[in-house]
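File shown: start-v9.txt (compact mmCIF, C-alpha atoms and all ligand atoms).
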# COMPACT_ATOMS: atom_id res chain seq x y z
CA MET A 40 14.42 27.31 -78.80
CA LYS A 41 14.33 27.36 -75.05
CA LEU A 42 11.53 29.86 -75.07
CA GLN A 43 9.70 27.74 -77.59
CA LEU A 44 10.06 24.76 -75.28
CA GLU A 45 8.91 26.83 -72.33
CA ASN A 46 5.83 27.95 -74.28
CA LEU A 47 5.08 24.42 -75.39
CA LYS A 48 5.32 23.21 -71.79
CA GLN A 49 2.88 25.88 -70.67
CA THR A 50 0.49 25.08 -73.52
CA ILE A 51 0.53 21.39 -72.62
CA ILE A 52 0.04 22.13 -68.90
CA ASN A 53 -2.91 24.40 -69.68
CA ALA A 54 -4.44 21.83 -72.00
CA ILE A 55 -4.10 19.11 -69.35
CA ASN A 56 -5.58 21.31 -66.66
CA GLU A 57 -8.51 22.22 -68.83
CA ALA A 58 -9.18 18.67 -69.99
CA ASN A 59 -12.43 17.38 -68.54
CA SER A 60 -12.86 14.10 -70.35
CA LEU A 61 -10.78 11.12 -71.35
CA GLU A 62 -11.46 12.05 -74.97
CA ASN A 63 -9.77 15.44 -74.38
CA LEU A 64 -6.77 13.64 -72.94
CA GLU A 65 -6.65 11.32 -75.92
CA ASN A 66 -6.42 14.36 -78.18
CA ILE A 67 -3.70 15.91 -76.00
CA HIS A 68 -1.78 12.67 -76.21
CA ASN A 69 -1.99 12.65 -79.99
CA GLU A 70 -1.08 16.28 -80.32
CA TYR A 71 1.87 16.43 -77.95
CA PHE A 72 3.07 13.01 -76.82
CA SER A 73 2.75 10.80 -79.87
CA LYS A 74 5.60 10.07 -82.30
CA ARG A 75 4.51 12.92 -84.50
CA GLY A 76 3.52 15.11 -81.56
CA ALA A 77 5.02 18.47 -80.60
CA LEU A 78 7.40 17.03 -78.02
CA SER A 79 8.93 14.61 -80.50
CA GLN A 80 9.14 17.48 -82.92
CA MET A 81 11.15 19.39 -80.31
CA MET A 82 13.66 16.55 -80.20
CA ALA A 83 13.84 16.55 -83.96
CA ASN A 84 14.69 20.25 -83.85
CA LEU A 85 17.88 19.37 -81.99
CA ARG A 86 19.68 19.02 -85.24
CA ASN A 87 19.19 22.75 -85.91
CA LEU A 88 21.34 23.51 -82.86
CA GLU A 89 25.06 23.73 -82.57
CA PRO A 90 26.39 20.26 -81.73
CA ALA A 91 27.74 21.58 -78.44
CA GLU A 92 24.33 22.79 -77.34
CA ARG A 93 22.50 19.66 -78.27
CA PRO A 94 23.08 17.48 -75.13
CA ALA A 95 21.94 20.20 -72.71
CA PHE A 96 18.85 21.00 -74.72
CA GLY A 97 18.05 17.33 -75.20
CA LYS A 98 18.17 16.90 -71.45
CA LEU A 99 15.90 19.88 -71.00
CA VAL A 100 13.35 18.47 -73.45
CA ASN A 101 13.38 15.17 -71.56
CA THR A 102 12.84 16.90 -68.22
CA VAL A 103 9.88 18.83 -69.63
CA LYS A 104 8.60 15.60 -71.15
CA ASP A 105 8.75 13.80 -67.77
CA GLU A 106 7.11 16.71 -66.01
CA VAL A 107 4.13 17.00 -68.34
CA ARG A 108 3.89 13.19 -68.57
CA LEU A 109 3.44 13.00 -64.80
CA LEU A 110 0.80 15.68 -64.94
CA PHE A 111 -0.90 13.89 -67.82
CA ASN A 112 -0.94 10.55 -65.96
CA ASN A 113 -2.34 12.10 -62.82
CA LYS A 114 -5.08 13.80 -64.79
CA LYS A 115 -5.84 10.57 -66.59
CA GLU A 116 -6.21 8.70 -63.32
CA GLU A 117 -8.43 11.44 -61.94
CA LEU A 118 -10.73 11.40 -64.97
CA GLU A 119 -10.88 7.59 -64.96
CA THR A 120 -11.94 7.60 -61.31
CA ILE A 121 -14.68 10.13 -62.07
CA LYS A 122 -15.88 8.06 -64.98
CA LEU A 123 -15.91 4.86 -62.89
CA ASN A 124 -17.85 6.57 -60.12
CA GLU A 125 -20.40 7.87 -62.61
CA LYS A 126 -20.79 4.36 -63.99
CA LEU A 127 -21.16 2.84 -60.53
CA LEU A 128 -23.79 5.41 -59.68
CA LEU A 129 -25.73 4.52 -62.80
CA GLU A 130 -25.53 0.81 -62.10
CA LYS A 131 -26.46 1.11 -58.45
CA VAL A 132 -29.03 -1.48 -57.40
CA ASP A 133 -31.94 0.08 -55.63
CA ILE A 134 -32.52 -2.39 -52.84
CA GLU A 135 -35.67 -0.63 -51.81
CA LEU A 136 -37.33 -1.38 -55.12
CA ALA A 137 -40.35 -3.70 -54.76
CA GLY A 138 -39.37 -7.22 -55.88
CA ASP A 139 -41.19 -9.57 -58.21
CA LYS A 140 -43.95 -11.57 -56.58
CA PHE A 141 -43.53 -15.31 -56.81
CA LEU A 142 -46.66 -17.21 -55.90
CA GLN A 143 -45.82 -19.94 -53.47
CA GLY A 144 -47.68 -23.20 -53.64
CA SER A 145 -48.66 -25.35 -50.70
CA ILE A 146 -48.47 -29.01 -49.92
CA HIS A 147 -51.67 -30.91 -50.65
CA PRO A 148 -53.46 -31.96 -47.44
CA LEU A 149 -53.31 -35.63 -48.48
CA ASN A 150 -49.56 -35.32 -48.94
CA LEU A 151 -49.28 -33.64 -45.54
CA ILE A 152 -50.79 -36.78 -44.00
CA ILE A 153 -48.45 -38.98 -46.04
CA GLU A 154 -45.41 -36.88 -45.12
CA ASP A 155 -46.18 -36.90 -41.40
CA THR A 156 -46.96 -40.61 -41.49
CA SER A 157 -43.73 -41.34 -43.33
CA SER A 158 -41.62 -39.33 -40.91
CA TYR A 159 -43.23 -41.11 -37.95
CA PHE A 160 -42.61 -44.58 -39.34
CA ILE A 161 -39.14 -43.79 -40.73
CA SER A 162 -38.05 -42.67 -37.28
CA ASN A 163 -39.30 -46.01 -35.98
CA GLY A 164 -37.14 -48.00 -38.38
CA TYR A 165 -39.59 -48.54 -41.23
CA GLU A 166 -38.70 -48.38 -44.91
CA VAL A 167 -40.99 -46.47 -47.31
CA VAL A 168 -41.64 -48.51 -50.46
CA THR A 169 -43.85 -48.10 -53.50
CA GLY A 170 -45.58 -50.40 -55.96
CA PRO A 171 -47.27 -50.10 -59.35
CA GLU A 172 -50.82 -48.77 -59.73
CA ILE A 173 -51.36 -51.10 -62.67
CA GLU A 174 -51.16 -54.38 -60.82
CA LEU A 175 -51.39 -58.07 -61.48
CA ASP A 176 -54.41 -59.98 -60.20
CA LEU A 177 -51.79 -62.32 -58.73
CA TYR A 178 -50.50 -59.72 -56.23
CA ASN A 179 -53.69 -57.69 -55.79
CA PHE A 180 -55.84 -60.74 -54.94
CA GLU A 181 -54.31 -64.21 -55.10
CA MET A 182 -51.24 -63.60 -52.96
CA MET A 183 -53.44 -61.66 -50.55
CA ASN A 184 -55.38 -64.88 -49.98
CA ILE A 185 -58.28 -63.78 -52.16
CA ALA A 186 -58.63 -66.65 -54.63
CA LYS A 187 -60.62 -66.45 -57.87
CA GLY A 188 -64.34 -66.43 -57.11
CA HIS A 189 -63.76 -65.25 -53.53
CA PRO A 190 -66.67 -62.99 -52.49
CA ALA A 191 -64.23 -60.37 -51.15
CA ARG A 192 -63.33 -59.56 -54.75
CA GLU A 193 -66.82 -58.23 -55.35
CA MET A 194 -66.55 -55.66 -52.59
CA GLN A 195 -63.55 -54.23 -54.42
CA ASP A 196 -64.80 -54.61 -57.99
CA SER A 197 -62.24 -52.88 -60.07
CA PHE A 198 -61.00 -51.58 -63.39
CA TYR A 199 -59.54 -54.48 -65.34
CA PHE A 200 -57.31 -54.12 -68.41
CA ASP A 201 -57.49 -57.85 -69.10
CA PRO A 202 -58.28 -60.86 -66.88
CA LYS A 203 -54.79 -60.70 -65.35
CA THR A 204 -54.20 -56.93 -64.98
CA LEU A 205 -56.12 -54.25 -63.13
CA LEU A 206 -55.81 -50.91 -61.36
CA ARG A 207 -54.92 -51.99 -57.82
CA THR A 208 -57.86 -51.92 -55.43
CA HIS A 209 -55.68 -51.47 -52.35
CA THR A 210 -52.01 -51.01 -51.46
CA SER A 211 -51.89 -54.54 -49.99
CA PRO A 212 -50.26 -56.10 -53.12
CA VAL A 213 -47.11 -54.24 -52.08
CA GLN A 214 -47.02 -56.62 -49.09
CA ALA A 215 -46.65 -59.57 -51.45
CA ARG A 216 -44.09 -57.80 -53.64
CA THR A 217 -41.98 -56.79 -50.63
CA MET A 218 -42.08 -60.24 -49.04
CA LEU A 219 -40.78 -61.84 -52.25
CA LYS A 220 -38.05 -59.20 -52.48
CA LYS A 221 -36.90 -59.64 -48.87
CA GLU A 222 -36.60 -63.42 -49.39
CA GLY A 223 -37.66 -64.49 -45.92
CA LYS A 224 -35.84 -61.78 -43.95
CA PRO A 225 -37.58 -59.66 -41.26
CA LEU A 226 -39.11 -56.47 -42.63
CA LYS A 227 -40.85 -53.25 -41.58
CA ILE A 228 -42.38 -51.17 -44.36
CA ILE A 229 -45.04 -48.64 -45.15
CA CYS A 230 -46.32 -47.94 -48.64
CA PRO A 231 -48.37 -44.84 -49.51
CA GLY A 232 -50.17 -44.71 -52.84
CA LYS A 233 -53.27 -44.36 -54.99
CA VAL A 234 -55.88 -47.10 -55.26
CA TYR A 235 -58.95 -47.52 -57.48
CA ARG A 236 -62.35 -49.14 -57.07
CA ARG A 237 -65.54 -49.06 -59.02
CA ASP A 238 -67.63 -46.94 -56.70
CA GLU A 239 -70.34 -44.30 -56.78
CA ASP A 240 -68.70 -40.96 -55.93
CA ASP A 241 -70.34 -38.95 -53.15
CA SER A 242 -69.17 -36.71 -50.32
CA THR A 243 -67.40 -39.58 -48.52
CA HIS A 244 -66.62 -42.03 -51.35
CA SER A 245 -64.36 -41.78 -54.36
CA HIS A 246 -63.45 -44.29 -57.09
CA GLN A 247 -59.85 -43.20 -56.61
CA PHE A 248 -58.34 -42.55 -53.22
CA MET A 249 -55.16 -43.02 -51.21
CA GLN A 250 -53.99 -45.59 -48.72
CA ILE A 251 -50.91 -46.19 -46.63
CA GLU A 252 -50.12 -49.86 -46.22
CA GLY A 253 -48.01 -51.09 -43.33
CA LEU A 254 -46.35 -54.48 -42.84
CA VAL A 255 -44.07 -55.83 -40.12
CA ILE A 256 -42.71 -59.38 -40.19
CA ASP A 257 -40.33 -60.81 -37.63
CA LYS A 258 -40.11 -63.48 -34.95
CA ASN A 259 -42.48 -62.85 -32.02
CA VAL A 260 -44.49 -60.00 -33.55
CA SER A 261 -47.71 -59.85 -31.52
CA PHE A 262 -51.14 -58.29 -31.63
CA ALA A 263 -50.04 -56.09 -28.71
CA ASN A 264 -47.25 -54.72 -30.94
CA LEU A 265 -49.85 -53.83 -33.56
CA LYS A 266 -52.06 -52.06 -31.06
CA GLU A 267 -49.17 -50.10 -29.54
CA THR A 268 -47.90 -49.11 -32.99
CA LEU A 269 -51.28 -47.77 -34.09
CA GLN A 270 -51.90 -45.91 -30.83
CA SER A 271 -48.52 -44.12 -30.87
CA TYR A 272 -48.85 -43.30 -34.56
CA LEU A 273 -52.31 -41.76 -34.13
CA ASP A 274 -51.20 -39.80 -31.05
CA PHE A 275 -48.33 -38.44 -33.15
CA LEU A 276 -50.52 -37.56 -36.13
CA PHE A 277 -53.22 -35.81 -34.09
CA LYS A 278 -50.70 -34.24 -31.69
CA GLY A 279 -52.27 -35.60 -28.50
CA LYS A 280 -53.89 -38.64 -26.93
CA VAL A 281 -56.33 -40.19 -29.41
CA GLU A 282 -59.17 -42.40 -28.22
CA MET A 283 -58.98 -45.52 -30.37
CA ARG A 284 -61.59 -48.26 -30.67
CA LEU A 285 -60.79 -51.68 -32.12
CA ARG A 286 -63.65 -53.66 -33.69
CA PRO A 287 -63.38 -57.28 -34.85
CA SER A 288 -63.58 -57.47 -38.62
CA TYR A 289 -62.74 -59.69 -41.54
CA PHE A 290 -60.05 -59.42 -44.19
CA PRO A 291 -58.88 -62.50 -46.11
CA PHE A 292 -55.22 -61.56 -45.60
CA THR A 293 -55.30 -61.16 -41.80
CA GLU A 294 -56.40 -63.34 -38.91
CA PRO A 295 -57.57 -61.96 -36.56
CA SER A 296 -58.68 -58.79 -38.34
CA ILE A 297 -59.77 -55.49 -36.88
CA GLU A 298 -61.11 -52.16 -37.93
CA VAL A 299 -59.93 -49.11 -36.02
CA ASP A 300 -62.11 -46.11 -35.20
CA VAL A 301 -61.08 -42.90 -33.52
CA LEU A 302 -63.25 -40.65 -31.38
CA PHE A 303 -64.02 -37.49 -33.29
CA THR A 304 -65.56 -34.28 -31.99
CA LYS A 305 -67.92 -32.78 -34.55
CA LYS A 306 -68.32 -29.07 -35.18
CA ASP A 307 -71.49 -29.04 -33.01
CA GLY A 308 -69.51 -30.45 -30.07
CA THR A 309 -70.97 -33.99 -30.12
CA THR A 310 -68.63 -36.95 -30.48
CA THR A 311 -68.67 -40.01 -32.69
CA PHE A 312 -66.32 -42.86 -33.64
CA ILE A 313 -65.03 -42.79 -37.21
CA GLU A 314 -63.35 -45.70 -38.98
CA ILE A 315 -59.88 -44.87 -40.29
CA LEU A 316 -58.09 -48.12 -41.00
CA GLY A 317 -58.14 -51.90 -41.27
CA ALA A 318 -55.49 -54.09 -39.69
CA GLY A 319 -54.67 -57.51 -38.34
CA MET A 320 -52.17 -60.32 -37.90
CA VAL A 321 -50.84 -61.48 -41.25
CA HIS A 322 -52.65 -64.67 -42.36
CA PRO A 323 -50.41 -67.77 -42.42
CA ASN A 324 -51.34 -68.35 -46.08
CA VAL A 325 -50.07 -64.87 -46.99
CA LEU A 326 -46.81 -65.49 -45.12
CA LYS A 327 -46.38 -68.85 -46.85
CA MET A 328 -47.04 -67.46 -50.33
CA GLY A 329 -44.57 -64.65 -49.61
CA GLY A 330 -41.84 -67.16 -48.68
CA TYR A 331 -42.04 -66.95 -44.86
CA ASP A 332 -42.53 -69.94 -42.56
CA PRO A 333 -45.60 -69.12 -40.41
CA GLU A 334 -44.26 -71.46 -37.71
CA VAL A 335 -41.24 -69.19 -37.29
CA TYR A 336 -42.45 -65.76 -38.35
CA THR A 337 -45.48 -63.70 -37.46
CA GLY A 338 -46.47 -60.27 -38.65
CA PHE A 339 -49.01 -57.51 -38.52
CA ALA A 340 -50.37 -55.34 -41.29
CA PHE A 341 -52.54 -52.28 -41.62
CA GLY A 342 -54.15 -50.23 -44.36
CA ILE A 343 -54.82 -46.57 -43.57
CA GLY A 344 -57.36 -44.46 -45.44
CA VAL A 345 -55.49 -41.20 -46.13
CA GLU A 346 -58.60 -39.16 -47.04
CA ARG A 347 -60.32 -40.26 -43.85
CA LEU A 348 -57.41 -39.05 -41.73
CA ALA A 349 -57.18 -35.75 -43.60
CA MET A 350 -60.93 -35.21 -43.21
CA LEU A 351 -60.63 -35.80 -39.49
CA ARG A 352 -57.52 -33.73 -38.96
CA TYR A 353 -58.71 -30.74 -40.99
CA GLN A 354 -62.46 -31.06 -40.36
CA ILE A 355 -63.32 -31.50 -44.02
CA GLU A 356 -66.72 -32.92 -44.87
CA GLU A 357 -66.53 -33.26 -48.65
CA ILE A 358 -63.98 -35.77 -50.05
CA ARG A 359 -64.17 -34.25 -53.54
CA ASN A 360 -62.49 -31.09 -52.22
CA PHE A 361 -59.25 -33.06 -52.30
CA TYR A 362 -59.46 -33.66 -56.04
CA ASN A 363 -60.95 -30.46 -57.47
CA ASN A 364 -57.74 -28.42 -57.37
CA ASP A 365 -59.55 -25.33 -56.15
CA LEU A 366 -56.84 -22.98 -54.89
CA ARG A 367 -59.22 -21.40 -52.38
CA PHE A 368 -59.38 -24.82 -50.70
CA LEU A 369 -55.75 -25.85 -51.14
CA LYS A 370 -54.28 -22.56 -49.89
CA GLN A 371 -55.68 -23.15 -46.41
CA PHE A 372 -53.01 -25.74 -45.70
CA LYS A 373 -50.08 -23.41 -46.26
CA GLU A 374 -49.09 -22.91 -42.67
CA GLU A 375 -48.68 -26.63 -42.14
CA PHE A 376 -45.11 -26.81 -43.43
N1 LIG A 401 -56.57 -53.60 -47.95
C1 LIG A 401 -57.67 -53.25 -47.10
C2 LIG A 401 -58.67 -52.41 -47.84
O1 LIG A 401 -58.34 -51.87 -48.85
C3 LIG A 401 -57.18 -52.48 -45.90
C4 LIG A 401 -56.39 -53.35 -45.00
C5 LIG A 401 -56.97 -54.06 -44.00
C6 LIG A 401 -55.02 -53.47 -45.18
C7 LIG A 401 -56.25 -54.89 -43.16
C8 LIG A 401 -54.27 -54.27 -44.36
C9 LIG A 401 -54.91 -54.97 -43.33
O2 LIG A 401 -52.95 -54.40 -44.47
O3 LIG A 401 -54.18 -55.76 -42.53
O4 LIG A 401 -59.77 -52.26 -47.39

Go ahead and render the structure in this file as structure tokens.
Amino acid sequence: MKLQLENLKQTIINAINEANSLENLENIHNEYFSKRGALSQMMANLRNLEPAERPAFGKLVNTVKDEVRLLFNNKKEELETIKLNEKLLLEKVDIELAGDKFLQGSIHPLNLIIEDTSSYFISNGYEVVTGPEIELDLYNFEMMNIAKGHPAREMQDSFYFDPKTLLRTHTSPVQARTMLKKEGKPLKIICPGKVYRRDEDDSTHSHQFMQIEGLVIDKNVSFANLKETLQSYLDFLFKGKVEMRLRPSYFPFTEPSIEVDVLFTKKDGTTTFIEILGAGMVHPNVLKMGGYDPEVYTGFAFGIGVERLAMLRYQIEEIRNFYNNDLRFLKQFKEEF
């Protein structure tokens, strides 16, 4: 019996040493360690021995069992580590592999002007507001001091849905909407957005374009404040001192009214003044209709032509480039952000 046990031990040790996969070990486990395995069988054989010999032999079987069990566990751990390492090797991420190319878009040049303008005015305490593109005649004209039959309406002949509703011809109706909302309190806003006019499209005109409206109402707001505001804004936008020219003009919603030109150097080196915005002191009628007492409050307003500024800043001569969505054109403005 002892010899038998000794042989069995050696057989198991050899089998464990030779095992080179977890499957092999599984088989070894079934053959020797399981309930019906050879080691259990050895224990069962105890009953063939003399009762006096049984305890000593039982002990011996258990010692052998512990010994080969330890060997088995060590081997199992070893094979598991090998298997894990093989798996890790297979799953290794090759960081040198070329990645997928994601095409990156760019910000539209008109939006670049709007973004820069917004950040300038926000840092000077202005709020950015918006208004509807489908507007009421009431806000677009009447509350801007352009009564029915006023000749100024003809200059901005527009797309009407019905006699009361139209595509807004300028961003100025947002002035009226904001004044009513602020209920007589001081305000500083800008409003960027699309506007529409019946117009013949050519390289400098479009029936749809963008404006940025500005409105400041408070006590003691002066024309000097307006001029200083426009000068600092333009210096910011063009990153340097801009030569600005103010010309007297006429808008029904401002008095006095001005148009502002900036000195522009053309590609051939010659210079010329180009109109970029209209502005003025808010007309007392507009203040009154908006719920402000013109004896107490004054204000200034301006309306910036976004396309004009973009054309100047990026030296673009064809306004339709902004709307054609040609990537060869749009990609040029990538480095701006
Ligand atoms: N709304 C005018 C236009 O579309 C531009 C303008 C001029 C806006 C003077 C103003 C302003 O706020 O004060 O031509």

Near Arg352 in chain A, counting all atoms listed in the file, which residues have an atom at most 9 Å away, once you skip same-chain residues fewer than 6 positions from it, shown as a ChimeraX atom specification?
/A:152,276-277

Protein and nucleic residues near ligand LIG 401 (chain A), 7 Å, all atoms listed in the file, as a PyMOL selection string:
chain A and resi 208-211+252-254+290+292-293+296+316-321+339-343

Give the padded box for range 357-363 of chain A as AutoDock Vina command-line options: axis-aligned, covering all atoms listed in the file, 4 Å on each side, centre and edge lengths in Å to one decimal.
--center_x -62.9 --center_y -33.1 --center_z -53.1 --size_x 15.3 --size_y 13.3 --size_z 16.8

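Proximity ranking of A:Ile153, A:Leu88, A:Val301, A:Leu273 relative to Leu285 in chain A places A:Val301 first, based on only C-alpha atoms.
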
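Take CA of Glu282 in chain A and CA of Lys305 in chain A: the distance between them is 14.5 Å.
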
What would range 343-355 of chain A look like with N, CA, C and O atoms restored, written as a short mmCIF file (atom, residue, chain, number, x, y, z; two decimals), in the coordinates of the input?
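What follows is the written file result16.cif:
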data_model
loop_
_atom_site.label_atom_id
_atom_site.label_comp_id
_atom_site.auth_asym_id
_atom_site.auth_seq_id
_atom_site.Cartn_x
_atom_site.Cartn_y
_atom_site.Cartn_z
N ILE A 343 -54.25 -47.83 -44.06
CA ILE A 343 -54.82 -46.57 -43.57
C ILE A 343 -55.51 -45.84 -44.71
O ILE A 343 -54.97 -45.75 -45.81
N GLY A 344 -56.69 -45.29 -44.45
CA GLY A 344 -57.36 -44.46 -45.44
C GLY A 344 -56.90 -43.02 -45.28
O GLY A 344 -57.22 -42.36 -44.30
N VAL A 345 -56.11 -42.52 -46.27
CA VAL A 345 -55.49 -41.20 -46.13
C VAL A 345 -56.55 -40.09 -46.10
O VAL A 345 -56.50 -39.18 -45.27
N GLU A 346 -57.55 -40.19 -47.00
CA GLU A 346 -58.60 -39.16 -47.04
C GLU A 346 -59.33 -39.07 -45.70
O GLU A 346 -59.62 -37.98 -45.21
N ARG A 347 -59.62 -40.24 -45.14
CA ARG A 347 -60.32 -40.26 -43.85
C ARG A 347 -59.57 -39.49 -42.79
O ARG A 347 -60.12 -38.68 -42.05
N LEU A 348 -58.23 -39.74 -42.74
CA LEU A 348 -57.41 -39.05 -41.73
C LEU A 348 -57.36 -37.55 -41.98
O LEU A 348 -57.46 -36.75 -41.05
N ALA A 349 -57.24 -37.19 -43.27
CA ALA A 349 -57.18 -35.75 -43.60
C ALA A 349 -58.51 -35.09 -43.25
O ALA A 349 -58.55 -33.98 -42.73
N MET A 350 -59.62 -35.78 -43.52
CA MET A 350 -60.93 -35.21 -43.21
C MET A 350 -61.09 -34.99 -41.71
O MET A 350 -61.64 -33.98 -41.27
N LEU A 351 -60.56 -35.94 -40.94
CA LEU A 351 -60.63 -35.80 -39.49
C LEU A 351 -59.73 -34.70 -38.99
O LEU A 351 -60.13 -33.84 -38.20
N ARG A 352 -58.49 -34.69 -39.49
CA ARG A 352 -57.52 -33.73 -38.96
C ARG A 352 -57.89 -32.29 -39.35
O ARG A 352 -57.69 -31.37 -38.58
N TYR A 353 -58.42 -32.11 -40.54
CA TYR A 353 -58.71 -30.74 -40.99
C TYR A 353 -60.20 -30.41 -41.00
O TYR A 353 -60.61 -29.39 -41.54
N GLN A 354 -61.02 -31.31 -40.43
CA GLN A 354 -62.46 -31.06 -40.36
C GLN A 354 -63.05 -30.77 -41.74
O GLN A 354 -63.72 -29.77 -41.95
N ILE A 355 -62.81 -31.67 -42.67
CA ILE A 355 -63.32 -31.50 -44.02
C ILE A 355 -64.47 -32.49 -44.22
O ILE A 355 -64.35 -33.67 -43.85
#
